[in-house]
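Next comes entry-v2.txt, a file with compact mmCIF, C-alpha atoms.
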# COMPACT_ATOMS: atom_id res chain seq x y z
CA MET A 1 138.09 87.70 160.33
CA TYR A 2 135.82 85.70 162.70
CA ILE A 3 133.08 88.30 162.37
CA ASN A 4 133.30 88.18 158.56
CA VAL A 5 132.88 84.39 158.54
CA GLN A 6 129.81 84.65 160.79
CA VAL A 7 128.28 87.26 158.50
CA ALA A 8 128.90 84.95 155.55
CA TYR A 9 127.16 82.09 157.37
CA TYR A 10 124.19 84.34 158.10
CA MET A 11 123.99 85.40 154.46
CA VAL A 12 124.11 81.81 153.26
CA GLY A 13 121.37 80.91 155.73
CA VAL A 14 119.16 83.80 154.59
CA LEU A 15 119.68 82.86 150.93
CA LEU A 16 118.81 79.22 151.66
CA ILE A 17 115.63 80.29 153.45
CA LEU A 18 114.66 82.57 150.55
CA MET A 19 115.36 79.76 148.09
CA VAL A 20 113.17 77.34 150.04
CA VAL A 21 110.38 79.95 150.23
CA PHE A 22 110.65 80.61 146.47
CA ILE A 23 110.60 76.91 145.56
CA THR A 24 107.68 76.28 147.91
CA ALA A 25 105.72 79.19 146.45
CA THR A 26 106.42 78.02 142.89
CA LEU A 27 105.37 74.46 143.63
CA SER A 28 102.29 75.73 145.42
CA LEU A 29 101.27 77.85 142.43
CA LYS A 30 101.79 74.92 140.04
CA TRP A 31 99.82 72.59 142.28
CA ASN A 32 97.02 75.14 142.61
CA LYS A 33 96.94 75.67 138.84
CA LYS A 34 96.67 71.93 138.21
CA ARG A 35 93.96 71.67 140.85
CA VAL A 36 91.95 74.47 139.21
CA GLU A 37 92.41 72.93 135.75
CA LYS A 38 91.26 69.56 137.03
CA ARG A 39 88.26 71.15 138.73
CA ARG A 40 87.48 73.05 135.54
CA ALA A 41 87.65 69.87 133.46
CA ILE A 42 85.24 68.13 135.85
CA CYS A 43 82.91 71.14 135.67
CA LEU A 44 82.97 71.16 131.86
CA GLU A 45 82.22 67.44 131.81
CA HIS A 46 79.27 68.15 134.07
CA PHE A 47 78.05 70.84 131.61
CA LYS A 48 78.70 68.74 128.50
CA ASP A 49 75.05 67.86 127.89
CA TYR A 50 73.97 71.46 128.43
CA LEU A 51 76.64 72.84 126.06
CA ASP A 52 75.63 70.24 123.48
CA TYR A 53 72.03 71.38 123.87
CA ILE A 54 73.06 74.99 123.17
CA GLN A 55 74.98 74.02 120.05
CA MET A 56 72.14 71.88 118.73
CA HIS A 57 69.40 74.47 119.32
CA LEU A 58 71.28 77.72 118.71
CA GLY A 59 69.76 78.06 115.26
CA GLU A 60 66.30 76.89 116.29
CA GLU A 61 65.20 78.38 119.59
CA ASP A 62 64.82 82.12 120.00
CA ARG A 63 65.36 81.91 123.75
CA LEU A 64 67.65 79.16 125.04
CA ARG A 65 66.77 77.73 128.45
CA ALA A 66 69.09 78.14 131.43
CA PRO A 67 70.33 75.16 133.50
CA VAL A 68 67.72 73.64 135.80
CA ARG A 69 69.61 74.36 139.02
CA SER A 70 71.35 77.57 140.12
CA LEU A 71 75.10 77.84 139.58
CA ASN A 72 77.78 78.45 142.17
CA THR A 73 80.52 81.04 141.59
CA PHE A 74 83.04 78.63 140.07
CA GLU A 75 80.49 77.00 137.77
CA ARG A 76 79.31 80.40 136.60
CA ARG A 77 82.90 81.42 135.82
CA VAL A 78 83.60 78.23 133.83
CA LEU A 79 80.35 78.44 131.86
CA GLN A 80 80.94 82.14 131.20
CA SER A 81 84.41 81.41 129.82
CA GLU A 82 83.01 78.89 127.32
CA LEU A 83 80.11 81.08 126.22
CA VAL A 84 82.32 84.17 125.75
CA GLN A 85 84.56 82.16 123.42
CA TRP A 86 81.51 81.25 121.34
CA ILE A 87 80.28 84.86 121.35
CA ASN A 88 83.64 86.08 120.02
CA ARG A 89 83.50 83.55 117.16
CA LEU A 90 79.87 84.11 116.14
CA ASP A 91 77.84 87.06 114.91
CA GLY A 92 74.33 87.91 113.80
CA VAL A 93 71.35 86.10 115.29
CA TYR A 94 73.51 83.38 116.86
CA ARG A 95 75.47 85.91 118.87
CA LYS A 96 72.26 87.68 119.94
CA ARG A 97 70.79 84.42 121.25
CA LEU A 98 73.93 83.66 123.21
CA LEU A 99 73.99 87.19 124.66
CA ARG A 100 70.36 86.81 125.75
CA LEU A 101 71.21 83.48 127.38
CA CYS A 102 74.10 85.07 129.26
CA GLY A 103 71.71 87.68 130.57
CA ASP A 104 69.27 84.95 131.68
CA LEU A 105 72.15 83.19 133.44
CA GLY A 106 72.82 86.34 135.49
CA LEU A 107 76.31 86.85 134.05
CA VAL A 108 75.75 90.55 133.33
CA GLU A 109 74.42 91.22 136.82
CA HIS A 110 77.27 89.20 138.33
CA ASN A 111 79.94 91.20 136.50
CA LEU A 112 78.27 94.54 137.23
CA LYS A 113 78.64 93.74 140.95
CA ARG A 114 82.28 92.76 140.44
CA LEU A 115 82.87 96.06 138.62
CA GLY A 116 82.44 97.78 141.99
CA SER A 117 85.12 95.66 143.68
CA GLN A 118 87.99 97.30 145.58
CA ARG A 119 90.45 94.99 143.82
CA PRO A 120 91.73 96.39 140.48
CA LEU A 121 92.22 92.98 138.86
CA VAL A 122 88.65 91.97 139.66
CA ARG A 123 87.35 95.21 138.12
CA LEU A 124 89.42 94.67 134.97
CA ASP A 125 88.18 91.09 134.61
CA ALA A 126 84.59 92.24 135.09
CA ALA A 127 85.06 95.02 132.50
CA TYR A 128 86.45 92.57 129.96
CA HIS A 129 83.49 90.21 130.36
CA LEU A 130 80.89 93.00 130.33
CA GLY A 131 82.35 94.14 127.02
CA ALA A 132 82.28 90.62 125.63
CA LEU A 133 78.65 90.29 126.78
CA ARG A 134 77.75 93.57 124.99
CA ALA A 135 75.84 94.76 128.07
CA PRO A 136 74.43 98.28 127.39
CA GLU A 137 73.75 98.84 131.10
CA ALA A 138 77.50 98.60 131.73
CA THR A 139 78.48 101.52 129.48
CA SER A 140 77.89 104.28 132.04
CA PRO A 141 79.79 102.61 134.94
CA LEU A 142 82.61 101.62 132.57
CA LEU A 143 83.00 105.21 131.36
CA SER A 144 82.86 106.47 134.95
CA LEU A 145 85.72 104.16 135.94
CA LEU A 146 87.69 105.25 132.88
CA TYR A 147 87.25 108.98 133.55
CA LYS A 148 88.28 108.66 137.20
CA LYS A 149 91.73 107.23 136.56
CA ARG A 150 94.90 108.32 134.86
CA VAL A 151 95.19 106.92 131.33
CA ASP A 152 97.47 103.87 131.36
CA SER A 153 97.54 100.38 129.84
CA SER A 154 94.58 99.23 131.95
CA SER A 155 92.48 102.13 130.67
CA PHE A 156 92.20 100.48 127.28
CA ILE A 157 90.47 97.46 128.78
CA TYR A 158 87.77 99.78 130.13
CA ALA A 159 87.72 101.77 126.86
CA ARG A 160 87.42 98.65 124.70
CA ALA A 161 84.66 97.29 126.90
CA ALA A 162 82.79 100.61 126.75
CA ALA A 163 83.10 100.63 122.94
CA GLN A 164 81.62 97.12 122.82
CA THR A 165 78.66 98.03 125.03
CA ALA A 166 77.90 101.58 123.81
CA THR A 167 74.59 102.03 122.01
CA GLN A 168 74.65 105.83 121.62
CA LEU A 169 76.85 107.84 119.24
CA SER A 170 77.32 110.45 121.98
CA GLU A 171 78.85 107.81 124.28
CA MET A 172 81.42 106.87 121.63
CA GLY A 173 82.14 110.55 120.98
CA ASP A 174 82.83 111.21 124.67
CA LEU A 175 84.97 108.08 124.90
CA LEU A 176 87.15 108.96 121.91
CA ARG A 177 87.54 112.59 122.95
CA PHE A 178 88.68 111.49 126.39
CA LEU A 179 91.30 109.11 124.96
CA ILE A 180 92.63 111.72 122.54
CA GLU A 181 92.76 114.56 125.06
CA ASN A 182 94.19 112.55 127.96
CA GLY A 183 96.26 109.80 126.38
CA LYS A 184 99.73 109.90 124.89
CA GLN A 185 99.26 106.73 122.88
CA ASP A 186 99.46 106.37 119.11
CA VAL A 187 96.17 107.19 117.40
CA HIS A 188 96.18 103.74 115.76
CA LEU A 189 95.62 102.17 119.17
CA THR A 190 92.54 104.32 119.66
CA ALA A 191 91.41 103.36 116.15
CA ASP A 192 91.77 99.71 117.12
CA ILE A 193 89.36 100.28 120.01
CA ILE A 194 86.85 101.83 117.60
CA ARG A 195 86.61 98.58 115.66
CA GLU A 196 84.99 96.94 118.69
CA SER A 197 81.93 99.17 118.36
CA GLU A 198 78.87 97.93 116.49
CA LEU A 199 77.66 101.49 115.83
CA ASP A 200 77.97 103.31 112.51
CA LEU A 201 80.43 106.07 113.44
CA THR A 202 80.71 107.62 109.97
CA GLN A 203 79.23 111.00 110.92
CA LEU A 204 81.40 111.19 114.04
CA PHE A 205 84.54 110.58 111.95
CA ILE A 206 83.51 113.22 109.42
CA THR A 207 83.09 115.68 112.30
CA PHE A 208 86.62 114.86 113.50
CA LEU A 209 88.04 115.86 110.09
CA HIS A 210 87.26 119.50 110.88
CA GLU A 211 88.98 119.57 114.29
CA GLU A 212 92.16 121.61 114.80
CA ASN A 213 93.88 118.85 116.81
CA PRO A 214 95.65 116.63 114.22
CA LYS A 215 94.94 113.53 116.35
CA TYR A 216 91.21 113.98 115.71
CA VAL A 217 91.83 114.35 111.98
CA LYS A 218 94.00 111.22 111.85
CA LEU A 219 91.44 109.24 113.82
CA GLY A 220 88.66 110.43 111.52
CA LEU A 221 90.60 109.39 108.41
CA ILE A 222 91.50 105.97 109.80
CA GLY A 223 87.98 105.42 111.08
CA LEU A 224 86.38 106.24 107.72
CA GLN A 225 88.48 103.54 106.07
CA ASN A 226 86.83 100.94 108.30
CA SER A 227 83.34 102.38 108.62
CA VAL A 228 80.28 102.21 106.42
CA LYS A 229 81.20 103.83 103.11
CA ALA A 230 79.56 107.16 102.44
CA ASP A 231 80.03 110.06 100.03
CA LEU A 232 83.39 111.46 101.07
CA PRO A 233 83.42 115.17 101.89
CA ASP A 234 85.58 117.59 99.88
CA ARG A 235 87.61 117.96 103.08
CA ILE A 236 89.43 114.70 102.20
CA GLN A 237 91.05 116.22 99.11
CA GLU A 238 92.04 119.29 101.11
CA LEU A 239 93.79 117.06 103.66
CA THR A 240 96.08 115.57 100.97
CA LYS A 241 97.82 118.97 101.07
CA SER A 242 98.35 118.91 104.86
CA ASP A 243 101.81 119.57 106.32
CA ASP A 244 101.40 116.43 108.43
CA ARG A 245 102.64 113.37 106.50
CA ASP A 246 100.32 110.92 108.29
CA ILE A 247 97.30 113.06 107.47
CA ARG A 248 98.34 113.36 103.80
CA MET A 249 98.90 109.62 103.39
CA ASN A 250 95.75 108.57 105.24
CA ALA A 251 93.69 111.00 103.16
CA ALA A 252 95.18 109.54 99.97
CA LYS A 253 94.50 105.97 101.15
CA LEU A 254 90.92 106.93 101.89
CA LEU A 255 90.48 108.36 98.40
CA ILE A 256 91.79 105.11 96.93
CA SER A 257 89.55 102.94 99.08
CA SER A 258 86.49 104.97 98.06
CA VAL A 259 86.78 103.61 94.49
CA ASN A 260 85.08 106.79 93.30
CA LEU A 261 87.87 108.45 91.32
CA SER A 262 87.70 109.70 87.76
CA GLU A 263 90.56 109.46 85.27
CA ASP A 264 91.22 113.16 85.81
CA ASP A 265 91.49 112.55 89.57
CA ILE A 266 93.99 109.72 89.07
CA GLN A 267 96.02 111.78 86.60
CA PHE A 268 96.05 114.62 89.15
CA TYR A 269 97.34 112.41 91.99
CA LEU A 270 99.92 110.66 89.79
CA ALA A 271 101.40 114.15 89.25
CA PHE A 272 100.90 115.26 92.87
CA PRO A 273 103.72 117.30 94.49
CA ASP A 274 104.17 114.70 97.28
CA TRP A 275 106.16 111.77 95.81
CA GLU A 276 104.77 109.34 98.42
CA ILE A 277 101.24 109.98 97.20
CA ARG A 278 102.35 109.54 93.57
CA LYS A 279 103.96 106.22 94.55
CA LEU A 280 100.83 105.15 96.47
CA PHE A 281 98.59 105.71 93.46
CA ALA A 282 101.04 104.03 91.07
CA GLU A 283 101.12 100.93 93.27
CA TRP A 284 97.33 100.92 93.64
CA ILE A 285 96.77 100.95 89.87
CA GLY A 286 98.99 97.88 89.42
CA ARG A 287 97.56 96.07 92.42
CA SER A 288 94.03 96.68 91.16
CA GLY A 289 94.84 95.67 87.57
CA LEU A 290 93.42 98.91 86.10
CA ILE A 291 94.80 98.43 82.59
CA GLN A 292 92.95 101.50 81.33
CA TYR A 293 95.52 103.61 83.18
CA ILE A 294 98.58 102.03 81.55
CA PRO A 295 99.35 105.24 79.59
CA LEU A 296 99.32 107.23 82.85
CA LEU A 297 101.66 104.71 84.48
CA SER A 298 103.98 104.83 81.48
CA SER A 299 104.34 108.57 81.91
CA ARG A 300 105.43 108.07 85.53
CA ILE A 301 108.51 106.07 84.47
CA GLU A 302 109.99 109.51 83.80
CA ASP A 303 109.24 110.63 87.37
CA VAL A 304 112.01 112.62 89.05
CA ASN A 305 111.73 110.36 92.10
CA TRP A 306 113.23 106.93 91.39
CA MET A 307 110.90 105.18 93.88
CA VAL A 308 107.85 106.46 92.00
CA ALA A 309 109.44 105.43 88.70
CA ARG A 310 110.17 101.91 89.99
CA ALA A 311 106.68 101.57 91.48
CA SER A 312 105.21 102.55 88.11
CA ALA A 313 107.37 100.02 86.25
CA ALA A 314 106.50 97.29 88.77
CA SER A 315 102.80 98.05 88.31
CA LEU A 316 103.17 97.76 84.53
CA VAL A 317 104.66 94.30 85.04
CA ARG A 318 101.61 93.34 87.08
CA MET A 319 99.38 94.35 84.17
CA GLY A 320 100.32 91.21 82.21
CA GLU A 321 100.91 91.33 78.47
CA GLU A 322 99.47 94.85 78.06
CA GLY A 323 101.86 96.20 80.68
CA PHE A 324 104.76 94.23 79.18
CA GLU A 325 104.15 95.80 75.77
CA ALA A 326 104.02 99.25 77.36
CA LEU A 327 107.46 98.60 78.91
CA CYS A 328 108.76 97.48 75.51
CA GLN A 329 107.53 100.71 73.94
CA LEU A 330 109.24 102.70 76.70
CA ALA A 331 112.52 100.80 76.27
CA VAL A 332 112.76 101.64 72.54
CA GLY A 333 111.08 105.04 72.76
CA ASN A 334 112.39 108.56 72.87
CA GLY A 335 112.37 108.90 76.65
CA SER A 336 115.37 109.62 78.85
CA GLY A 337 118.17 107.11 79.18
CA HIS A 338 117.08 106.55 82.77
CA SER A 339 113.52 105.54 81.82
CA ARG A 340 114.70 103.30 78.95
CA SER A 341 117.23 101.47 81.13
CA MET A 342 114.65 100.96 83.89
CA ALA A 343 112.11 99.59 81.41
CA LYS A 344 114.75 97.21 80.02
CA ALA A 345 115.64 95.98 83.51
CA PHE A 346 112.03 95.18 84.29
CA ILE A 347 111.56 93.49 80.91
CA GLU A 348 114.56 91.24 81.55
CA GLU A 349 113.33 90.27 85.02
CA ASP A 350 109.78 89.66 83.80
CA LEU A 351 111.02 87.43 80.96
CA LYS A 352 113.09 85.37 83.37
CA GLN A 353 110.21 84.93 85.82
CA SER A 354 107.68 84.18 83.05
CA LYS A 355 109.97 81.51 81.61
CA ALA A 356 110.49 79.92 85.04
CA ALA A 357 106.74 79.94 85.74
CA ALA A 358 105.71 78.55 82.33
CA SER A 359 104.40 75.20 83.61
CA HIS A 360 100.66 75.56 82.87
CA VAL A 361 98.98 76.16 79.52
CA GLY A 362 97.98 79.69 80.45
CA ASP A 363 101.49 80.56 81.63
CA ILE A 364 103.05 79.10 78.46
CA THR A 365 100.67 81.09 76.26
CA SER A 366 101.50 84.29 78.13
CA TYR A 367 105.23 83.63 77.89
CA ASN A 368 105.02 82.90 74.16
CA HIS A 369 103.13 86.12 73.59
CA LYS A 370 105.78 88.05 75.50
CA GLN A 371 108.42 86.41 73.30
CA PHE A 372 106.51 87.60 70.27
CA LEU A 373 106.33 91.14 71.67
CA TYR A 374 110.01 91.02 72.51
CA LYS A 375 110.96 90.01 68.97
CA LYS A 376 108.68 92.69 67.61
CA TYR A 377 110.51 95.41 69.52
CA PHE A 378 114.00 94.00 70.21
CA GLU A 379 114.88 91.42 67.55
CA ASN A 380 118.15 93.21 66.89
CA HIS A 381 118.89 93.95 70.58
CA GLU A 382 121.68 91.61 71.70
CA THR A 383 121.43 92.24 75.47
CA LEU A 384 117.82 91.21 75.71
CA THR A 385 118.30 88.36 73.24
CA ASN A 386 120.60 86.75 75.78
CA VAL A 387 117.79 86.74 78.31
CA MET A 388 115.71 84.55 76.02
Whole structure, structure tokens version:
Amino acid sequence: MYINVQVAYYMVGVLLILMVVFITATLSLKWNKKRVEKRRAICLEHFKDYLDYIQMHLGEEDRLRAPVRSLNTFERRVLQSELVQWINRLDGVYRKRLLRLCGDLGLVEHNLKRLGSQRPLVRLDAAYHLGALRAPEATSPLLSLLYKKRVDSSSFIYARAAAQTATQLSEMGDLLRFLIENGKQDVHLTADIIRESELDLTQLFITFLHEENPKYVKLGLIGLQNSVKADLPDRIQELTKSDDRDIRMNAAKLLISSVNLSEDDIQFYLAFPDWEIRKLFAEWIGRSGLIQYIPLLSSRIEDVNWMVARASAASLVRMGEEGFEALCQLAVGNGSGHSRSMAKAFIEEDLKQSKAAASHVGDITSYNHKQFLYKKYFENHETLTNVM
């Protein structure tokens, strides 16, 4: 019993010591953070006139002058932080002038040295800033660091930085192939890295469409949606028949975004075997307000898949008075009971919403016209009369 009490005392003592150490460390970190923030504020105040000079002359001087005296490490870090924020917010000639100034300030050279540090966190910080500074000379060492390590969360900092600094299409090709072949991440994360590049990667993405690895194909399809628009290869239409759902849907989305479809094309995809693609095109027609395709949408109310039928009806509602009249014609037409009841349900809901929204002249005019159309088609229909 005596031994147990002594052990308890020892445990309490150890816990108290650990608690004191933890509290001391926490207070020390807070104090150090406040000290750094205060020092940073003083440094920014010291640079106020210089930062004002940059803002005032950014649109006037091709080459901004550096500070008169050389900067110490802390001052360089503070000034770099401010300039990188500006670089991320600006583009065009303003960004180029700031990037040239950063080079004159020695920030690129400074971070290239830090990239060779033995400390991983220092290397990551240097990689981030080299990417932000769009330093072409950093691409090769960044890719070397990326290729030497196992792909993990930190790899994407190096990859993003390399994408920002790359000036050759071959460098981006090697980077993307490495990420696809060695990473287990979702392809959308790799596509997000692509957006950091200032290169036109269209031809690279088109090349990826012909790869056997589905990850390359998916990346190519996603990349083409965000790249410079070009004449889409016939391969896109072939990919809408892929066994992979993601490939089919991304190919269909790319066809829609190309805005280069004929009426025959749209009719073909509204009758496509894959119901998700039919639904995608039905929604796109309504979202885009393509009233010329109202007859095609009307035919899809009879679709065997209820989600496609509902998407088609919802798109007709978005077409305004023309779409409303098409729904009226469907509701009193010779279609199936399913299509007539769905059209009626959407008519009822649209009438209610139009009446509630009739506060402006345009809304009132639209509502009155819908009332006229309703009476034209349903004046003897008691159920819909109650809606009015």
Query raised in the report: atom CA of A:Glu137 and atom CA of A:Gln164, how far apart in Å?
Result: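 Separation between atom CA of A:Gln164 and atom CA of A:Glu137: 11.6 Å.
Interatomic distance, atom CA of A:Lys38 against atom CA of A:Ser81: 15.5 Å.
For the pair atom CA of A:Ala331 and atom CA of A:Ser315, the interatomic distance is 15.7 Å.
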Report task. Would you please work out which residue, of A:Tyr293, A:Tyr367, A:Tyr94, A:Tyr158, is nearest to A:Leu121 when using only C-alpha atoms? Result ->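 With only C-alpha atoms as the atom set, the closest residue is A:Tyr158.
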**Report entry** Residues near A:Asn250, cut-off 8 Å, all atoms listed in the file, skip fewer than 6 positions along chain, as a list of chain:residue names
**Finding:**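 Within the cut-off, the hits are A:Lys218, A:Leu221, A:Ile222.
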Query - Among the residues A:Gln329, A:Ser197, A:Ser257, A:Gln118, the one that comes closest to A:Arg134 [using only C-alpha atoms] - result: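 Of all the options, A:Ser197 lies closest to A:Arg134.
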**Report entry** Nearest residue to A:Leu280 from the set A:Ala135, A:Leu261, A:Gln292, A:Met307 (distances using only C-alpha atoms)
**Finding:** A:Met307
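Comparing A:Ala313, A:Ile194, A:Ala345, A:Val304 by their smallest distance to A:Pro273, the closest is A:Val304 (using all atoms listed in the file).
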**Report entry** Of the listed residues A:Cys43, A:Leu58, A:Val308, A:Leu64, that which approaches A:Leu79 most closely, counting only C-alpha atoms
**Finding:** A:Cys43
Contacts of A:Gln225 at 12 Å or less, counting only C-alpha atoms, minus same-chain residues fewer than 4 places along, as a PDB file with C-alpha atoms, keeping the file's coordinate frame?
ATOM      1  CA  ALA A 191      91.410 103.360 116.150  1.00  0.00           C
ATOM      2  CA  ILE A 194      86.850 101.830 117.600  1.00  0.00           C
ATOM      3  CA  ARG A 195      86.610  98.580 115.660  1.00  0.00           C
ATOM      4  CA  LEU A 201      80.430 106.070 113.440  1.00  0.00           C
ATOM      5  CA  THR A 202      80.710 107.620 109.970  1.00  0.00           C
ATOM      6  CA  PHE A 205      84.540 110.580 111.950  1.00  0.00           C
ATOM      7  CA  ILE A 206      83.510 113.220 109.420  1.00  0.00           C
ATOM      8  CA  LYS A 218      94.000 111.220 111.850  1.00  0.00           C
ATOM      9  CA  LEU A 219      91.440 109.240 113.820  1.00  0.00           C
ATOM     10  CA  GLY A 220      88.660 110.430 111.520  1.00  0.00           C
ATOM     11  CA  LEU A 221      90.600 109.390 108.410  1.00  0.00           C
ATOM     12  CA  LYS A 229      81.200 103.830 103.110  1.00  0.00           C
ATOM     13  CA  ALA A 230      79.560 107.160 102.440  1.00  0.00           C
ATOM     14  CA  LEU A 232      83.390 111.460 101.070  1.00  0.00           C
ATOM     15  CA  ILE A 236      89.430 114.700 102.200  1.00  0.00           C
ATOM     16  CA  ASN A 250      95.750 108.570 105.240  1.00  0.00           C
ATOM     17  CA  ALA A 251      93.690 111.000 103.160  1.00  0.00           C
ATOM     18  CA  ALA A 252      95.180 109.540  99.970  1.00  0.00           C
ATOM     19  CA  LYS A 253      94.500 105.970 101.150  1.00  0.00           C
ATOM     20  CA  LEU A 254      90.920 106.930 101.890  1.00  0.00           C
ATOM     21  CA  LEU A 255      90.480 108.360  98.400  1.00  0.00           C
ATOM     22  CA  ILE A 256      91.790 105.110  96.930  1.00  0.00           C
ATOM     23  CA  SER A 257      89.550 102.940  99.080  1.00  0.00           C
ATOM     24  CA  SER A 258      86.490 104.970  98.060  1.00  0.00           C
ATOM     25  CA  VAL A 259      86.780 103.610  94.490  1.00  0.00           C
TER      26      VAL A 259
END
Query raised in the report: Can you list, as JSON, numbers by chain, every protein, DNA or RNA residue that comes within 12 Å of A:Ile87 when you count all atoms listed in the file, leaving out same-chain residues fewer than 6 positions away?
Result: {"A": [58, 80, 81, 93, 94, 95, 96, 97, 98, 99, 100, 101, 102, 129, 131, 132, 133, 134]}
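Using only C-alpha atoms, the nearest neighbour of A:Ser70 within the list A:Val217, A:Ala8, A:Val317, A:Leu105 is A:Leu105.
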Query raised in the report: Contacts of A:Gln168 at 12 Å or less, counting all atoms listed in the file, minus same-chain residues fewer than 5 places along, as a PyMOL selection string?
Result: chain A and resi 136-137+139-140+162-163+173-175+197-201+204
